[in-house]
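Next comes final_22.txt, a file with compact mmCIF, C-alpha atoms and all ligand atoms.
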```txt
# COMPACT_ATOMS: atom_id res chain seq x y z
CA SER P 14 -10.53 15.75 -1.73
CA SER P 15 -13.92 14.30 -0.75
CA PRO P 16 -14.11 11.66 1.99
CA GLN P 17 -13.96 7.95 1.19
CA ARG P 18 -17.39 6.41 1.54
CA VAL P 19 -17.26 3.20 3.54
CA VAL P 20 -19.56 0.18 3.86
CA LEU P 21 -19.02 -1.86 7.00
CA LEU P 22 -20.13 -5.51 6.91
CA GLY P 23 -20.14 -6.83 10.49
CA ALA P 24 -20.53 -3.37 12.03
CA THR P 25 -21.69 -4.67 15.43
CA GLY P 26 -18.73 -6.99 16.02
CA SER P 27 -15.33 -6.47 17.57
CA ILE P 28 -13.70 -5.36 14.30
CA GLY P 29 -16.80 -3.37 13.40
CA GLU P 30 -16.78 -1.37 16.63
CA ASN P 31 -13.07 -0.59 16.25
CA ALA P 32 -13.68 0.49 12.65
CA LEU P 33 -16.43 2.83 13.89
CA ARG P 34 -13.94 4.49 16.24
CA VAL P 35 -11.52 5.01 13.36
CA ILE P 36 -14.25 6.39 11.08
CA ALA P 37 -15.64 8.70 13.78
CA ALA P 38 -12.14 10.09 14.43
CA HIS P 39 -11.57 11.09 10.78
CA PRO P 40 -14.85 12.57 9.51
CA ASP P 41 -13.09 14.61 6.81
CA TYR P 42 -11.57 11.46 5.31
CA LEU P 43 -13.97 8.61 6.07
CA GLN P 44 -17.73 8.61 5.80
CA LEU P 45 -19.93 5.66 6.74
CA VAL P 46 -22.64 5.01 4.13
CA GLY P 47 -23.75 1.41 4.82
CA ILE P 48 -23.69 -1.06 7.71
CA ALA P 49 -24.64 -4.72 8.08
CA ALA P 50 -24.86 -7.33 10.81
CA HIS P 51 -26.47 -10.69 11.48
CA SER P 52 -29.26 -9.79 13.90
CA ASN P 53 -28.27 -6.96 16.24
CA HIS P 54 -30.63 -4.42 14.67
CA ALA P 55 -30.85 -2.29 17.81
CA ARG P 56 -27.12 -1.57 17.65
CA LEU P 57 -27.32 -0.98 13.88
CA ALA P 58 -30.05 1.61 14.45
CA GLU P 59 -27.86 3.32 17.06
CA ILE P 60 -24.91 3.40 14.65
CA ALA P 61 -27.13 4.81 11.91
CA ARG P 62 -28.27 7.58 14.26
CA ALA P 63 -24.67 8.38 15.23
CA HIS P 64 -23.63 8.47 11.54
CA PRO P 65 -26.37 10.34 9.62
CA THR P 66 -24.50 9.61 6.36
CA VAL P 67 -25.66 5.96 6.65
CA ARG P 68 -28.42 5.42 4.07
CA HIS P 69 -28.43 1.61 3.84
CA VAL P 70 -28.59 -1.03 6.57
CA ALA P 71 -28.63 -4.80 6.06
CA VAL P 72 -29.84 -7.26 8.70
CA PHE P 73 -29.04 -10.81 7.60
CA ASP P 74 -31.49 -12.63 9.85
CA GLU P 75 -35.08 -12.44 8.59
CA THR P 76 -36.80 -12.31 12.01
CA ALA P 77 -34.45 -9.58 13.20
CA ARG P 78 -34.95 -7.64 9.97
CA ALA P 79 -38.72 -7.75 10.45
CA ALA P 80 -38.31 -6.33 13.97
CA ALA P 81 -35.78 -3.65 12.98
CA GLN P 82 -36.65 0.05 13.28
CA MET P 83 -34.32 2.39 11.46
CA PRO P 84 -34.13 6.20 11.40
CA ALA P 85 -36.07 7.94 8.62
CA GLY P 86 -34.31 7.95 5.26
CA VAL P 87 -32.54 4.63 5.83
CA THR P 88 -33.31 1.73 3.49
CA LEU P 89 -33.38 -1.65 5.20
CA HIS P 90 -32.13 -4.78 3.39
CA GLY P 91 -32.16 -8.46 4.38
CA GLY P 92 -30.49 -11.79 3.76
CA LEU P 93 -27.42 -12.53 1.66
CA GLU P 94 -28.92 -10.42 -1.09
CA GLY P 95 -28.99 -7.46 1.29
CA LEU P 96 -25.30 -7.93 2.15
CA THR P 97 -24.46 -8.02 -1.56
CA THR P 98 -26.51 -4.89 -2.21
CA LEU P 99 -24.52 -3.08 0.47
CA ALA P 100 -21.19 -4.41 -0.82
CA THR P 101 -21.98 -2.96 -4.26
CA LEU P 102 -23.70 0.35 -3.35
CA PRO P 103 -22.95 2.74 -6.21
CA GLU P 104 -22.06 5.52 -3.74
CA ALA P 105 -19.51 3.38 -1.81
CA ASP P 106 -15.75 3.54 -2.41
CA THR P 107 -14.51 1.04 0.16
CA VAL P 108 -16.01 -2.11 1.67
CA LEU P 109 -14.72 -3.54 4.93
CA THR P 110 -15.71 -7.19 5.40
CA ALA P 111 -15.69 -8.13 9.08
CA ILE P 112 -18.39 -10.79 9.23
CA VAL P 113 -17.44 -13.86 11.19
CA GLY P 114 -17.71 -17.04 9.09
CA VAL P 115 -18.17 -17.75 5.41
CA THR P 116 -21.16 -15.45 4.74
CA GLY P 117 -18.89 -12.57 3.74
CA LEU P 118 -17.46 -14.43 0.77
CA GLU P 119 -20.09 -13.75 -1.90
CA PRO P 120 -20.61 -10.07 -0.93
CA SER P 121 -16.81 -9.57 -1.01
CA LEU P 122 -16.54 -11.07 -4.49
CA ALA P 123 -19.41 -8.82 -5.57
CA ALA P 124 -17.58 -5.79 -4.14
CA ILE P 125 -14.45 -6.70 -6.12
CA ALA P 126 -16.49 -7.16 -9.30
CA ALA P 127 -18.07 -3.73 -8.70
CA GLY P 128 -14.57 -2.21 -8.49
CA LYS P 129 -14.70 -1.34 -4.80
CA ASP P 130 -11.58 -1.16 -2.67
CA LEU P 131 -11.87 -4.15 -0.38
CA ALA P 132 -10.49 -4.23 3.15
CA VAL P 133 -10.64 -7.81 4.42
CA ALA P 134 -10.81 -8.83 8.06
CA SER P 135 -12.75 -12.08 7.69
CA LYS P 136 -10.16 -14.83 7.40
CA GLU P 137 -12.58 -17.36 5.95
CA ILE P 138 -12.69 -15.46 2.66
CA LEU P 139 -9.09 -16.12 1.69
CA VAL P 140 -8.72 -19.41 3.54
CA MET P 141 -11.62 -20.95 1.66
CA ALA P 142 -11.54 -19.20 -1.64
CA GLY P 143 -8.12 -17.55 -1.95
CA LYS P 144 -7.72 -18.89 -5.46
CA PHE P 145 -10.94 -17.24 -6.67
CA VAL P 146 -10.74 -14.05 -4.63
CA MET P 147 -7.17 -13.30 -5.74
CA ALA P 148 -8.03 -14.09 -9.38
CA ALA P 149 -11.01 -11.71 -9.21
CA ALA P 150 -8.89 -8.99 -7.60
CA ARG P 151 -6.27 -9.33 -10.37
CA GLN P 152 -8.96 -9.29 -13.03
CA HIS P 153 -10.50 -6.09 -11.68
CA GLY P 154 -7.16 -4.45 -10.87
CA ILE P 155 -7.81 -4.26 -7.13
CA THR P 156 -5.26 -4.60 -4.35
CA LEU P 157 -6.83 -6.20 -1.29
CA ARG P 158 -6.14 -4.32 1.93
CA PRO P 159 -5.51 -6.73 4.77
CA VAL P 160 -7.03 -5.73 8.12
CA ASP P 161 -5.79 -8.63 10.22
CA SER P 162 -2.89 -7.15 12.19
CA GLU P 163 -0.24 -9.59 10.96
CA HIS P 164 -1.14 -9.28 7.29
CA ASN P 165 -1.53 -5.56 7.53
CA ALA P 166 1.96 -5.49 9.06
CA VAL P 167 3.36 -7.58 6.18
CA PHE P 168 1.55 -5.32 3.71
CA GLN P 169 3.26 -2.30 5.27
CA CYS P 170 6.68 -3.99 5.28
CA LEU P 171 6.27 -4.79 1.59
CA ALA P 172 5.70 -1.19 0.51
CA ASP P 173 8.23 -0.57 -2.28
CA ASN P 174 9.58 -4.13 -1.93
CA PRO P 175 8.54 -6.44 -4.78
CA THR P 176 7.11 -9.79 -3.64
CA LYS P 177 9.69 -11.62 -5.77
CA ASP P 178 12.36 -10.55 -3.26
CA ILE P 179 10.58 -12.15 -0.28
CA ALA P 180 12.34 -15.15 1.17
CA ARG P 181 9.96 -15.77 4.05
CA VAL P 182 7.00 -14.27 5.84
CA VAL P 183 6.88 -14.92 9.56
CA LEU P 184 3.69 -14.16 11.49
CA THR P 185 3.90 -13.64 15.23
CA ALA P 186 1.60 -15.51 17.62
CA SER P 187 0.89 -14.46 21.19
CA GLY P 188 0.19 -18.07 22.14
CA GLY P 189 -3.28 -17.23 23.43
CA ALA P 190 -4.85 -17.94 26.80
CA PHE P 191 -2.98 -21.21 27.48
CA ARG P 192 0.55 -20.48 26.37
CA ASP P 193 1.91 -20.88 29.91
CA ARG P 194 -0.40 -23.65 31.15
CA ASP P 195 0.83 -27.15 31.84
CA LEU P 196 -0.08 -29.40 28.93
CA ALA P 197 -1.81 -31.76 31.36
CA ASP P 198 -4.13 -28.93 32.51
CA LEU P 199 -5.51 -28.41 29.01
CA ALA P 200 -7.81 -31.41 29.31
CA HIS P 201 -9.95 -29.49 31.81
CA VAL P 202 -9.96 -25.90 30.58
CA THR P 203 -13.38 -24.25 30.14
CA PRO P 204 -14.69 -21.82 27.50
CA ALA P 205 -14.38 -19.01 30.06
CA ASP P 206 -10.66 -19.87 30.47
CA ALA P 207 -10.12 -19.87 26.70
CA LEU P 208 -11.86 -16.51 26.33
CA ARG P 209 -9.35 -14.73 28.59
CA HIS P 210 -6.82 -13.62 26.00
CA PRO P 211 -3.67 -12.07 27.50
CA ASN P 212 -3.18 -9.36 24.83
CA TRP P 213 -6.09 -8.90 22.46
CA ASP P 214 -9.77 -8.16 22.98
CA MET P 215 -11.63 -9.97 20.17
CA GLY P 216 -14.78 -11.94 19.33
CA PRO P 217 -15.24 -15.37 21.01
CA LYS P 218 -14.53 -17.64 18.02
CA ILE P 219 -11.21 -16.03 17.15
CA THR P 220 -10.21 -15.90 20.84
CA VAL P 221 -10.57 -19.69 21.10
CA ASP P 222 -8.65 -19.96 17.81
CA SER P 223 -5.85 -17.99 19.43
CA ALA P 224 -5.67 -20.48 22.28
CA THR P 225 -5.37 -23.44 19.87
CA LEU P 226 -3.26 -21.47 17.36
CA ALA P 227 -5.80 -22.38 14.68
CA ASN P 228 -5.93 -18.62 14.23
CA LYS P 229 -2.25 -18.55 13.28
CA GLY P 230 -2.78 -21.53 10.99
CA LEU P 231 -5.61 -19.73 9.20
CA GLU P 232 -3.45 -16.61 8.98
CA LEU P 233 -0.57 -18.50 7.37
CA ILE P 234 -2.95 -19.86 4.75
CA GLU P 235 -4.28 -16.33 4.21
CA ALA P 236 -0.75 -14.95 3.89
CA GLN P 237 0.05 -17.52 1.25
CA TRP P 238 -2.71 -16.14 -0.97
CA LEU P 239 -2.32 -12.45 -0.18
CA PHE P 240 1.41 -12.36 -0.83
CA ASP P 241 1.67 -15.13 -3.41
CA LEU P 242 3.91 -17.39 -1.31
CA ARG P 243 4.78 -21.07 -1.36
CA PRO P 244 3.83 -22.99 1.83
CA GLU P 245 7.48 -23.35 2.86
CA GLN P 246 7.82 -19.55 2.83
CA CYS P 247 5.15 -19.14 5.54
CA GLN P 248 6.07 -19.56 9.17
CA ALA P 249 4.87 -18.58 12.64
CA VAL P 250 6.88 -17.69 15.73
CA LEU P 251 5.84 -17.13 19.33
CA HIS P 252 6.05 -13.50 20.44
CA THR P 253 4.34 -12.98 23.77
CA GLN P 254 4.11 -9.17 23.79
CA SER P 255 2.10 -8.81 20.53
CA LEU P 256 3.98 -5.62 19.65
CA ALA P 257 5.82 -6.91 16.55
CA HIS P 258 3.24 -8.33 14.19
CA CYS P 259 5.39 -9.95 11.54
CA LEU P 260 8.90 -10.49 10.27
CA VAL P 261 9.45 -10.27 6.54
CA GLU P 262 12.73 -11.77 5.42
CA PHE P 263 14.07 -10.81 2.02
CA THR P 264 16.37 -12.85 -0.22
CA ASP P 265 19.41 -10.91 1.04
CA GLY P 266 18.68 -11.93 4.65
CA ALA P 267 17.36 -8.56 5.79
CA MET P 268 14.27 -8.72 8.01
CA LEU P 269 11.68 -6.00 8.44
CA THR P 270 9.15 -5.91 11.23
CA HIS P 271 6.20 -3.72 12.09
CA LEU P 272 5.48 -2.50 15.61
CA CYS P 273 2.32 -1.08 17.12
CA PRO P 274 0.27 -1.71 20.27
CA PRO P 275 -2.06 -4.74 20.20
CA SER P 276 -5.19 -2.87 19.18
CA MET P 277 -7.04 -3.40 15.91
CA THR P 278 -7.62 0.33 15.45
CA PHE P 279 -4.09 0.60 13.99
CA PRO P 280 -4.40 -1.94 11.15
CA ILE P 281 -8.05 -0.97 10.51
CA GLN P 282 -7.06 2.67 10.09
CA HIS P 283 -4.20 1.75 7.79
CA ALA P 284 -6.42 -0.46 5.65
CA LEU P 285 -9.16 2.18 5.37
CA LEU P 286 -6.92 5.17 4.67
CA HIS P 287 -4.15 3.57 2.61
CA PRO P 288 -2.06 5.14 1.12
CA HIS P 289 -2.69 8.12 3.44
CA ARG P 290 -1.63 8.33 7.07
CA LEU P 291 -3.38 10.33 9.78
CA PRO P 292 -3.01 10.49 13.59
CA SER P 293 -4.04 7.26 15.31
CA VAL P 294 -7.08 7.05 17.61
CA GLU P 295 -4.94 5.51 20.38
CA PRO P 296 -1.41 6.35 21.45
CA SER P 297 1.39 4.22 20.00
CA LEU P 298 4.13 2.51 22.04
CA ASP P 299 5.36 4.43 25.06
CA LEU P 300 9.14 4.59 24.77
CA ASN P 301 9.49 6.17 28.22
CA ARG P 302 8.88 2.75 29.69
CA PRO P 303 11.09 -0.28 29.15
CA PHE P 304 9.72 -2.94 26.87
CA SER P 305 11.19 -5.95 25.20
CA LEU P 306 10.47 -8.13 22.21
CA ASP P 307 10.78 -11.88 22.75
CA PHE P 308 10.64 -14.40 19.95
CA ARG P 309 10.73 -18.15 20.34
CA PRO P 310 9.93 -21.16 18.18
CA ILE P 311 6.52 -22.79 18.53
CA ASP P 312 6.18 -26.22 20.13
CA GLU P 313 3.89 -28.05 17.69
CA ALA P 314 3.10 -30.73 20.30
CA ARG P 315 1.36 -28.07 22.36
CA PHE P 316 -0.46 -26.66 19.34
CA PRO P 317 -1.64 -29.49 17.05
CA MET P 318 -4.03 -27.10 15.26
CA LEU P 319 -0.99 -25.30 13.82
CA ARG P 320 0.50 -28.56 12.55
CA LEU P 321 -2.83 -29.48 10.93
CA ALA P 322 -3.12 -26.06 9.27
CA LEU P 323 0.36 -26.38 7.77
CA ALA P 324 -0.55 -29.85 6.48
CA ALA P 325 -3.77 -28.48 4.96
CA MET P 326 -1.83 -25.64 3.35
CA ARG P 327 0.63 -28.08 1.78
CA ALA P 328 -2.19 -30.36 0.62
CA GLY P 329 -3.84 -27.31 -1.00
CA GLY P 330 -7.09 -27.56 -2.97
CA ILE P 331 -10.09 -27.73 -0.68
CA ALA P 332 -8.06 -28.88 2.36
CA PRO P 333 -7.83 -25.39 3.95
CA ALA P 334 -11.60 -24.94 3.54
CA VAL P 335 -12.18 -28.33 5.18
CA TYR P 336 -9.82 -27.41 8.03
CA ASN P 337 -11.67 -24.14 8.54
CA ALA P 338 -15.15 -25.70 8.44
CA ALA P 339 -14.28 -28.51 10.85
CA ASN P 340 -12.64 -26.02 13.20
CA GLU P 341 -15.74 -23.82 13.25
CA ILE P 342 -17.93 -26.77 14.25
CA ALA P 343 -15.38 -27.88 16.83
CA VAL P 344 -15.02 -24.42 18.39
CA ALA P 345 -18.79 -23.91 18.53
CA ALA P 346 -19.16 -27.29 20.27
CA PHE P 347 -16.41 -26.39 22.75
CA LEU P 348 -17.98 -22.99 23.46
CA ALA P 349 -21.34 -24.72 24.03
CA GLU P 350 -19.57 -27.05 26.49
CA GLN P 351 -20.47 -30.06 24.36
CA MET P 352 -16.87 -31.08 23.84
CA PRO P 353 -13.57 -30.68 25.71
CA PHE P 354 -10.85 -28.29 24.50
CA LEU P 355 -8.46 -31.06 23.47
CA ALA P 356 -11.11 -32.61 21.23
CA ILE P 357 -10.89 -29.62 18.85
CA PRO P 358 -7.73 -30.82 17.01
CA ARG P 359 -8.84 -34.45 17.16
CA LEU P 360 -12.15 -33.68 15.49
CA VAL P 361 -10.49 -31.51 12.83
CA GLU P 362 -7.87 -34.18 12.11
CA GLN P 363 -10.57 -36.83 11.64
CA VAL P 364 -12.51 -34.64 9.22
CA LEU P 365 -9.35 -33.90 7.22
CA ASP P 366 -8.43 -37.60 7.15
CA GLN P 367 -11.87 -38.61 5.92
CA THR P 368 -12.02 -36.06 3.10
CA SER P 369 -10.32 -36.34 -0.30
CA HIS P 370 -8.62 -33.10 -1.26
CA GLN P 371 -9.20 -32.28 -4.90
CA ASP P 372 -8.46 -28.88 -6.40
CA PRO P 373 -11.63 -26.76 -6.74
CA ASP P 374 -12.48 -25.73 -10.33
CA GLN P 375 -15.07 -23.23 -9.26
CA LEU P 376 -16.32 -21.47 -6.17
CA ALA P 377 -19.26 -23.89 -5.95
CA ASP P 378 -16.78 -26.73 -5.32
CA VAL P 379 -15.43 -24.90 -2.26
CA ILE P 380 -18.90 -24.12 -0.95
CA ALA P 381 -19.82 -27.81 -1.36
CA ALA P 382 -16.62 -28.94 0.38
CA ASP P 383 -17.32 -26.53 3.22
CA ALA P 384 -20.86 -27.86 3.66
CA ALA P 385 -19.73 -31.50 3.48
CA ALA P 386 -16.97 -30.91 6.04
CA ARG P 387 -19.47 -29.27 8.40
CA ARG P 388 -21.87 -32.22 8.08
CA LEU P 389 -19.05 -34.69 8.69
CA ALA P 390 -17.74 -32.75 11.70
CA GLN P 391 -21.25 -32.52 13.11
CA SER P 392 -21.76 -36.27 12.73
CA LEU P 393 -18.45 -36.99 14.47
CA LEU P 394 -19.23 -34.66 17.38
CA THR P 395 -20.95 -37.33 19.44
CA THR P 396 -17.68 -39.31 19.52
CA PHE P 397 -16.13 -36.51 21.57
CA ALA P 398 -19.17 -35.41 23.55
CA VAL P 399 -18.84 -34.78 27.27
CA SER P 400 -21.29 -37.08 29.04
P1 LIG P 501 -17.51 -10.77 16.27
O1 LIG P 501 -18.08 -12.08 16.65
O2 LIG P 501 -17.14 -9.79 17.31
O3 LIG P 501 -18.52 -10.01 15.26
C1 LIG P 501 -19.07 -10.65 14.16
C2 LIG P 501 -19.83 -9.66 13.30
O4 LIG P 501 -20.31 -10.33 12.13
C3 LIG P 501 -21.06 -9.08 13.99
O5 LIG P 501 -21.26 -7.76 13.51
C4 LIG P 501 -22.18 -9.99 13.50
O6 LIG P 501 -23.47 -9.42 13.59
C5 LIG P 501 -21.74 -10.15 12.07
N1 LIG P 501 -22.29 -11.32 11.38
C6 LIG P 501 -22.19 -12.62 11.73
N2 LIG P 501 -22.85 -13.40 10.85
C7 LIG P 501 -23.38 -12.56 9.93
C8 LIG P 501 -24.18 -12.74 8.79
N3 LIG P 501 -24.58 -13.96 8.39
N4 LIG P 501 -24.53 -11.66 8.07
C9 LIG P 501 -24.15 -10.41 8.46
N5 LIG P 501 -23.39 -10.18 9.52
C10 LIG P 501 -23.02 -11.23 10.26
O7 LIG P 501 -16.29 -11.10 15.31
P2 LIG P 501 -14.93 -10.29 15.11
O8 LIG P 501 -15.23 -8.85 14.86
O9 LIG P 501 -13.98 -10.66 16.16
O10 LIG P 501 -14.37 -10.94 13.76
C11 LIG P 501 -14.92 -10.68 12.47
C12 LIG P 501 -14.00 -11.29 11.43
O11 LIG P 501 -12.75 -10.63 11.47
C13 LIG P 501 -13.70 -12.77 11.66
O12 LIG P 501 -13.62 -13.42 10.43
C14 LIG P 501 -12.35 -12.76 12.34
O13 LIG P 501 -11.61 -13.92 12.05
C15 LIG P 501 -11.70 -11.55 11.70
N6 LIG P 501 -10.68 -10.92 12.53
C16 LIG P 501 -10.98 -10.42 13.77
C17 LIG P 501 -10.01 -9.82 14.55
C18 LIG P 501 -10.35 -9.19 15.87
O14 LIG P 501 -9.51 -8.55 16.47
N7 LIG P 501 -11.55 -9.33 16.39
C19 LIG P 501 -8.61 -9.74 14.10
C20 LIG P 501 -8.42 -10.22 12.78
C21 LIG P 501 -9.42 -10.80 12.04
P3 LIG P 501 -24.38 -9.61 14.96
O15 LIG P 501 -23.76 -8.73 16.00
O16 LIG P 501 -25.74 -9.18 14.57
O17 LIG P 501 -24.30 -11.07 15.32
MG MG P 502 -4.33 -11.72 13.57
```
Mind turning the file's structure into structure tokens?
Amino acid sequence: SSPQRVVLLGATGSIGENALRVIAAHPDYLQLVGIAAHSNHARLAEIARAHPTVRHVAVFDETARAAAQMPAGVTLHGGLEGLTTLATLPEADTVLTAIVGVTGLEPSLAAIAAGKDLAVASKEILVMAGKFVMAAARQHGITLRPVDSEHNAVFQCLADNPTKDIARVVLTASGGAFRDRDLADLAHVTPADALRHPNWDMGPKITVDSATLANKGLELIEAQWLFDLRPEQCQAVLHTQSLAHCLVEFTDGAMLTHLCPPSMTFPIQHALLHPHRLPSVEPSLDLNRPFSLDFRPIDEARFPMLRLALAAMRAGGIAPAVYNAANEIAVAAFLAEQMPFLAIPRLVEQVLDQTSHQDPDQLADVIAADAAARRLAQSLLTTFAVS
């Protein structure tokens, strides 16, 4: 059969680069037709040259778009409109959304409405707008393909198992950069410390989220939507090796897990090729060496961002969007050394406390809640500023 034609939103990022490796390794099955990024037009041009099947490139940032020079035959697009054009290209079969932040939401909904297969890496999409994204997917008869390693693992464990038989979905957490630090030390950790993840090599925002476990909180909220779960069915457990990516418990007590090395090429390849399987671009686990799988419960005192995520999930409505927005502002302030690490959960908690959590009737309500939460978080920043 002919190759699947793929559009990659966020091509220059950590997920994007891994997706490019997967696509390049399987030219008979996957063909890149469109790529998008925020401003890194030089890298986009390089990717377009390496993949001559690319006909459309979108650069979100206007200044960067004006400066961009693409190979002959490539059409250049800009802004949110450009992202949406790429997400709905008539010649595309599959869209992979790997843009950090909320910008990927509207293009992803457009891709669903255009009947594309959608592989989702960007957590914000389901955390903020799970209600609307899942409704659109149902309406258009599309099964979302999760790219995040934990959700992709659950997706694989659920093959042939109806969701009604799920008792519990447990996502594993590595514990991030500070899992073994003294709690007292955390007051003084720097962005550089937080960016040293023991297992995974990822973009900066998500690496900080791994250190606070906000990442796991966002993933639990995502799992709730993807697999149609109640909050009490979603749980996280500490697993330091990052080899087992989930545990799915069924009503009869059986648990399935999914093992693969901690590299995103595995879930990306699964999400792009599903339901087909081809050789992986990296070797899988080496069974000639000893390895073990440790699981232990999570100490919520050490990880208040997990507790806050679970509270936001139970509150429902716009609360997860507010949690996400406040966290983005907090993480950016921490990375810019404007605020200490331990202020992240305190800022997020204040924003959640000062917001009323109604149920959104339409997508615009979520977008408004997101913007309001960002403004509030920004205005509270000075309270936590390092002098
Ligand atoms: P990176 O920071 O490495 O990359 C972000 C990508 O998004 C870049 O290509 C960037 O372009 C692009 N981008 C940012 N803003 C815009 C915009 N407004 N319009 C178009 N493109 C934009 O992030 P990651 O790859 O780490 O993460 C991407 C998403 O995937 C996040 O939502 C993250 O939570 C999720 N994810 C990541 C995992 C990982 O292993 N990294 C694992 C699971 C989920 P430019 O280079 O021009 O700035
Ligand atoms: Mg993950």
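One finds atom CA of Ser135 of chain P at 5.6 Å from atom C21 of ligand LIG 501 (chain P).
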Practice problem: Enumerate residues in contact with ligand LIG 501 (chain P): an atom-to-atom distance of at most 7 Å, counting only C-alpha atoms and all ligand atoms. Format the result as a PyMOL selection string. | Solution: chain P and resi 22-29+49-54+72-73+96+111-114+116+134-137+160-162+213-219+277
Give the residues close to ligand MG 502 (chain P), within 8 Å, counting only C-alpha atoms and all ligand atoms; write them as a PDB file with C-alpha atoms, in the frame of the given file.
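Output saved as selection-v3.pdb:
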```
ATOM      1  CA  ASP P 161      -5.790  -8.630  10.220  1.00  0.00           C
ATOM      2  CA  SER P 162      -2.890  -7.150  12.190  1.00  0.00           C
ATOM      3  CA  GLU P 163      -0.240  -9.590  10.960  1.00  0.00           C
ATOM      4  CA  HIS P 164      -1.140  -9.280   7.290  1.00  0.00           C
ATOM      5  CA  ASN P 228      -5.930 -18.620  14.230  1.00  0.00           C
ATOM      6  CA  LYS P 229      -2.250 -18.550  13.280  1.00  0.00           C
ATOM      7  CA  GLU P 232      -3.450 -16.610   8.980  1.00  0.00           C
TER       8      GLU P 232
END
```
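Compared by their closest atoms to Val46 of chain P, and using only C-alpha atoms, the residues P:Ala328, P:Ala81, P:Thr107, P:Asn31 rank with P:Thr107 nearest.
Taking all atoms listed in the file into account, Gln44 of chain P lies nearest to P:Leu285 out of the set P:Leu285, P:Thr270, P:Ala148, P:Leu139.
With only C-alpha atoms as the atoms that count, the residue of P:Gly95, P:Pro333, P:Pro353, P:Pro317 with the shortest distance to Asp372 of chain P is P:Pro333.
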Practice problem: Please provide as number ranges by chain all residues within 10 Å of Pro275 of chain P, with the sequence filter that same-chain residues fewer than 6 positions apart are discarded (counting all atoms listed in the file). | Solution: P: 162, 212-214, 254-258, 297-298
Quiz item: Taking into account all atoms listed in the file, which residue in the set P:Phe304, P:Trp238, P:Phe145, P:Phe263 is nearest to Arg181 of chain P?
Solution: P:Phe263
Quiz item: Could you name the residues that touch Arg243 of chain P at 12 Å or less, counting all atoms listed in the file, but leaving out those on the same chain fewer than 5 positions away, as a list in words?
Solution: Thr176, Lys177, Ile179, Ala180, Arg181, Val182, Leu233, Ile234, Glu235, Ala236, Gln237, Trp238, Gln248, Leu323, Met326, Arg327, Ala328 and Gly329 of chain P
Missing atoms in segment 15-26 of chain P: can you complete it with N, CA and C atoms, as a PDB file, in the coordinates of the input?
```
ATOM      1  N   SER P  15     -12.726  14.706  -1.497  1.00  0.00           N
ATOM      2  CA  SER P  15     -13.920  14.300  -0.750  1.00  0.00           C
ATOM      3  C   SER P  15     -13.628  13.031   0.043  1.00  0.00           C
ATOM      4  N   PRO P  16     -14.389  12.833   1.146  1.00  0.00           N
ATOM      5  CA  PRO P  16     -14.110  11.660   1.990  1.00  0.00           C
ATOM      6  C   PRO P  16     -14.402  10.344   1.266  1.00  0.00           C
ATOM      7  N   GLN P  17     -13.683   9.295   1.699  1.00  0.00           N
ATOM      8  CA  GLN P  17     -13.960   7.950   1.190  1.00  0.00           C
ATOM      9  C   GLN P  17     -15.221   7.435   1.819  1.00  0.00           C
ATOM     10  N   ARG P  18     -16.120   6.904   1.006  1.00  0.00           N
ATOM     11  CA  ARG P  18     -17.390   6.410   1.540  1.00  0.00           C
ATOM     12  C   ARG P  18     -17.302   4.910   1.805  1.00  0.00           C
ATOM     13  N   VAL P  19     -17.557   4.551   3.054  1.00  0.00           N
ATOM     14  CA  VAL P  19     -17.260   3.200   3.540  1.00  0.00           C
ATOM     15  C   VAL P  19     -18.525   2.412   3.846  1.00  0.00           C
ATOM     16  N   VAL P  20     -18.526   1.137   3.447  1.00  0.00           N
ATOM     17  CA  VAL P  20     -19.560   0.180   3.860  1.00  0.00           C
ATOM     18  C   VAL P  20     -18.916  -0.799   4.826  1.00  0.00           C
ATOM     19  N   LEU P  21     -19.576  -1.033   5.953  1.00  0.00           N
ATOM     20  CA  LEU P  21     -19.020  -1.860   7.000  1.00  0.00           C
ATOM     21  C   LEU P  21     -19.899  -3.105   7.190  1.00  0.00           C
ATOM     22  N   LEU P  22     -19.394  -4.253   6.747  1.00  0.00           N
ATOM     23  CA  LEU P  22     -20.130  -5.510   6.910  1.00  0.00           C
ATOM     24  C   LEU P  22     -19.642  -6.169   8.201  1.00  0.00           C
ATOM     25  N   GLY P  23     -20.550  -6.342   9.165  1.00  0.00           N
ATOM     26  CA  GLY P  23     -20.140  -6.830  10.490  1.00  0.00           C
ATOM     27  C   GLY P  23     -19.897  -5.653  11.422  1.00  0.00           C
ATOM     28  N   ALA P  24     -20.740  -4.635  11.306  1.00  0.00           N
ATOM     29  CA  ALA P  24     -20.530  -3.370  12.030  1.00  0.00           C
ATOM     30  C   ALA P  24     -20.657  -3.530  13.537  1.00  0.00           C
ATOM     31  N   THR P  25     -21.423  -4.528  13.993  1.00  0.00           N
ATOM     32  CA  THR P  25     -21.690  -4.670  15.430  1.00  0.00           C
ATOM     33  C   THR P  25     -20.672  -5.552  16.144  1.00  0.00           C
ATOM     34  N   GLY P  26     -19.707  -6.092  15.417  1.00  0.00           N
ATOM     35  CA  GLY P  26     -18.730  -6.990  16.020  1.00  0.00           C
ATOM     36  C   GLY P  26     -17.520  -6.253  16.565  1.00  0.00           C
TER      37      GLY P  26
END
```
